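The structure under discussion appears below in the form of structure tokens.
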Amino acid sequence: MRTPALKFFAASSLVMGGALFATHAHAGKTLDAIKQRDQVVCGVNTGLAGFSAADSQGNWVGLDVDICKAIAATVLGDAKKVKWVPLNAQQRFTALQSGEVDVLSRNTTFTLTRDASLGLFITAVTYYDGQGFIVAKKSKITSAKQLKNAEVCVQSGTTTEKNLTDYFKSINVKIKPVVFEGFEASVKAFFSGRCQAYTTDASGLASIRNKEAQKPDDYVILPELISKEPLGPMVRRGDDEWYTIVKWTIYALLEAEEYGITQANVDQMKASQDPPVQRILGTSEDTGKLLGLDKEWAFRAVKQVGNYGEIFERNVGPTSALKLPRGLNNLWNKGGLQYAPPIR
Amino acid sequence: MHSKKRDWSWRSRATRGLIYQAVAVAAIAAVVWFLAHNTLENMRVRGIQSGFGFFTQPAGFDIGESAFAFDSSDPYWKAFLVGLSNTLRAAVVGVVLTTILGTLIGIGRLSRNFLVRSLCTGYVELFRNIPVLLQLLMWYFVLNEWLPPVSEALHPLPGIFLSKSGMSFPVPEWEQGHLVTLAGLVVGLAGAWFYRRRAGAAFERTGDARPMVWPALAIAAIGALLGWLVGGAPTALEFPVRNDLNVSGGGAVTPEFLAVTIGLTVYTASFVAEIVRSGIQSVPWGQTEAAGALGLSRGQALKLVLLPQALRVIIPPLTNQYLNLTKNSSLAVAVGYPDLVSISNTTLNQTGRAVECIAVIMAVYLTLSLVTAGLMNWYNARSAIRER
């Protein structure tokens, strides 16, 4: 098994080492470095079904994973040219700060503190989430307000703990958090009955109920969402070109869905006379040049990974194991929040 | 005749030694300065904010168990204090229990009874050869699987509840009378100390060995009892009560605390047992025979001849085990016990001050270890051979 102690020491040494030994002069721009080593280094979750997890053959799959693949397709022309670095919650920011990874695509919530004080930039939201609760059905709890004096299991190193405290303070209910360092230990403690409730992002709850519960039907997810959790990739400050490329790769995936460009029809769409489609696929204006890329940058991302809707559907959507509704993550013109600035 | 001037020469060994030492110190200082400077410079260049200013800001998270009242609007430094108190609680309880259990098992390994001897040997070989982290997780999950949920808490004795949420037990309600009891105990302890001094002096003077342990304990107990009676013999206890979702009131320990304490105790006791065994065996058999020849009983021989010599061998490695136990308590975070490392992890994530948080943890463990080592060295010096 992976031992938390090992992870802790790895985390500490990374945290210390990253700051102590890294020299501040960077090897040129991030993009140059990526092209030189012919690989994008992507920080992902150590294992969160639907977002980033290694399958039985050792291939990484998930929504966060697909975003990195799209970036690799955009800048290197091949979605497979990614080196995966699984990171726990404590390691993630230091790994990005110290230059160990080029981009952090690890279900990370965008907050002011993280954007403004860590030397990092938030890019674009790839998943609109919110924190919720899961309880055992037989406890007959139907609302978070009934969790008076309850013990709530939670994993440390996330924004979750603070949201939990804020929410129960605002409704004047006392609860007792039981904080675990490791994901496995916290989930196991909940399912063995140590806590009356478990809390994390709603997408995580669905993932846990599906993967970890012996009988998923014995558990219910409470209706309350107590926080806003916009998740997406982060990059290091100080390289504005790279920041722009990551951001616009995500926008391109959204634009592709909006204009009906899919993995299957992307080749035919090249013949399209629709100006926005022509701009996305690089058949008229060269939008790639402005990003320091070639004109087929977005074409390759869609061709190799699919548009945003396809990525969502494949990993977390109603037909996947997680069965999450599209909800807030629908396009803006279909009742959701996903709104990409135009590519022009 | 030696004049100072003549001693000072580039060729003298003392001077060269001094130069080597100065160079070594300078090299170490330079490395430390480089690391510190480079870290700060790197963080500044990358726009990472640093400093300990965040310590006075509100923490914003709750802590599951705490020795004193803590609210999420309290500052970070108070959260660290809660973590430190939890670490100390686990370490102190662990050290005491480990010493008792380890001594018993160590003596058991030398037993003439085959079963006792084999069981103790089996214990040592089993627990010292499994990584402590696995043991912690094992105890935690065993406790969690084995105990019923809090709504069906076991109720083995009146006032005691045992469930996945921990163990609740009655505690005395605070009254003025307890203060008088405490005062009585202090007077009793002073009396016991005085008795031991007198008895010791009498032994030195006349060679008449008077009992040292039981009368002293009795004097201390009588002092406390008198204080309790004078204080009005308070007996009120606060009992835990069962609610809908949990058990409240009374004293309580969580399964996390139980798992950490049991795990660390069982693991470290296997090492302490070996130390105690080797310490006793290090005293030559001739000493036992000589004590017998002098007419000392088995108990007297153990107390007056064997143990004082064995302790000199036992204490230094025992100190190491105490330090190990304290440091291993940092693994408590794996089973959800809110120790210093757990609090620090949360803080690190909310503020992003990685270097600061890790530095605080390192400083605290270093201090704890140095204090423990200092106390044990003092005790070691006390029990060393006094030459007359």
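How things are named: the first chain in the structure tokens is A, the next is B, and so on; residues count from 1 in each chain; ligands count from 1 in the order shown.
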Name the residues in contact with A:Arg300 at a cut-off of 10 Å, using only C-alpha atoms, excluding same-chain residues fewer than 6 positions from it; report them as a PDB file with C-alpha atoms, in the first residue's frame.
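Final output, saved to selection.pdb:
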ATOM      1  CA  ALA A  70      -5.624  18.629 -24.885  1.00  0.00           C
ATOM      2  CA  ILE A  71      -2.801  20.977 -23.874  1.00  0.00           C
ATOM      3  CA  ALA A  72      -0.228  18.456 -25.100  1.00  0.00           C
ATOM      4  CA  ALA A  73      -2.111  18.097 -28.399  1.00  0.00           C
ATOM      5  CA  THR A  74      -2.169  21.869 -28.741  1.00  0.00           C
ATOM      6  CA  VAL A  75       1.506  22.564 -28.116  1.00  0.00           C
ATOM      7  CA  LEU A  76       3.217  19.313 -29.134  1.00  0.00           C
ATOM      8  CA  GLY A  77       0.728  17.847 -31.598  1.00  0.00           C
ATOM      9  CA  ASP A  78       0.328  14.609 -29.642  1.00  0.00           C
ATOM     10  CA  ALA A  79      -2.025  14.094 -26.702  1.00  0.00           C
ATOM     11  CA  GLN A 263     -14.007  14.443 -32.334  1.00  0.00           C
ATOM     12  CA  VAL A 266     -13.799  17.608 -36.912  1.00  0.00           C
ATOM     13  CA  LEU A 281     -10.031  25.096 -36.871  1.00  0.00           C
ATOM     14  CA  GLY A 306     -12.839  15.774 -28.153  1.00  0.00           C
TER      15      GLY A 306
END
May I have the residues within 10 Å of B:Leu162 as an NGL selection string, using only C-alpha atoms and disregarding those fewer than 6 positions away in the same chain?
:B and (147-150 or 152-156 or 168-169 or 247 or 252-255)
Export C-alpha atoms of the chosen residues as a compact mmCIF listing (two decimals), in the first residue's frame?
# COMPACT_ATOMS: atom_id res chain seq x y z
CA LEU B 147 -17.18 -0.96 18.15
CA PRO B 148 -20.88 -0.24 17.48
CA PRO B 149 -22.06 3.12 16.09
CA VAL B 150 -22.68 5.82 18.65
CA GLU B 152 -26.03 1.86 19.80
CA ALA B 153 -23.14 2.65 22.14
CA LEU B 154 -21.98 -0.20 24.40
CA HIS B 155 -22.85 0.46 28.01
CA PRO B 156 -20.73 -2.06 29.94
CA SER B 168 -17.07 8.46 27.52
CA PHE B 169 -16.63 8.15 31.28
CA VAL B 247 -23.05 10.92 23.79
CA ALA B 252 -14.25 11.45 26.62
CA VAL B 253 -11.42 10.09 24.53
CA THR B 254 -11.82 9.61 20.79
CA PRO B 255 -11.02 6.40 18.91
A:Ala95, A:Ile245, A:Val316, A:Ile141: which is nearest A:Asp294, counting only C-alpha atoms?
A:Ile245
Sorted per-residue table, chain B near chain A, closest atoms and distance, 6 Å, only C-alpha atoms, as CSV:
residue,atom,partner,partner_atom,distance
B:Leu35,CA,A:Leu20,CA,5.7
B:Thr39,CA,A:Leu20,CA,4.9
B:Asn42,CA,A:His24,CA,5.4
B:Arg46,CA,A:Gly119,CA,5.3
B:Gly47,CA,A:Gly119,CA,4.5
B:Ile48,CA,A:Gly119,CA,4.7
B:Gln49,CA,A:Ser117,CA,5.6
B:Gly60,CA,A:Lys162,CA,5.8
B:Phe61,CA,A:Lys162,CA,5.0
B:Gly64,CA,A:Pro177,CA,5.0
B:Lys164,CA,A:Arg194,CA,5.2
B:Val333,CA,A:Glu181,CA,5.7
B:Ala334,CA,A:Glu181,CA,5.5
B:Gly336,CA,A:Phe180,CA,4.1
B:Thr346,CA,A:Gly157,CA,5.1
B:Asn349,CA,A:Gly157,CA,5.1
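Going from atom CA of B:Tyr20 to atom CA of B:Gly374 covers 29.3 Å.
Using only C-alpha atoms, the smallest distance between any of A:Phe121, A:Tyr308, A:Trp84, A:Phe133 and A:Glu224 comes from A:Phe133.
As for atom CA of B:Ser369 and atom CA of B:Pro316, they are spaced 13.7 Å apart.
Here atom CA of A:Asp240 and atom CA of A:Pro276 stand 25.3 Å from one another.
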Which residues come within 9 Å of stretch 331-342 of chain A, counting only C-alpha atoms, excluding same-chain residues fewer than 5 positions away, as JSON, numbers by chain?
{"A": [124, 125, 126, 127, 128, 248, 250, 251, 252, 253, 254, 255, 257, 258, 276, 309, 326]}
Mind writing the picked residues with C-alpha atoms as a compact mmCIF listing (two decimals), in the first residue's frame?
# COMPACT_ATOMS: atom_id res chain seq x y z
CA ALA A 124 -10.22 28.84 -16.66
CA VAL A 125 -12.88 26.84 -14.85
CA THR A 126 -13.18 23.26 -16.12
CA TYR A 127 -15.74 22.11 -13.56
CA TYR A 128 -18.18 24.12 -11.42
CA TRP A 248 -7.24 29.35 -24.53
CA ILE A 250 -9.76 25.23 -22.47
CA TYR A 251 -11.74 27.97 -24.23
CA ALA A 252 -11.17 26.21 -27.55
CA LEU A 253 -12.68 22.98 -26.17
CA LEU A 254 -15.74 24.97 -25.04
CA GLU A 255 -16.01 26.89 -28.31
CA GLU A 257 -18.77 22.25 -28.34
CA GLU A 258 -20.70 25.47 -28.82
CA PRO A 276 -16.29 31.07 -36.18
CA GLY A 309 -19.02 18.22 -23.78
CA ARG A 326 -24.38 18.44 -16.55
Can you list every residue in stretch 151-317 of chain B that DSSP puts in strand (DSSP E or B), as a ChimeraX atom specification?
/B:154-157,160-163,166-169,171-172,237-238,241-242,247-248,251-253
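Neighbouring residues of B:Pro172 at 9 Å or closer, counting only C-alpha atoms and skipping chain neighbours under 4 positions away, are Pro234, Thr235, Ala236, Leu237, Glu238, Phe239 and Gly250 of chain B.
The closest residue to A:Asn329, picked from A:Val246, A:Ile311, A:Ala54, A:Ile261 and counting only C-alpha atoms, is A:Ile311.
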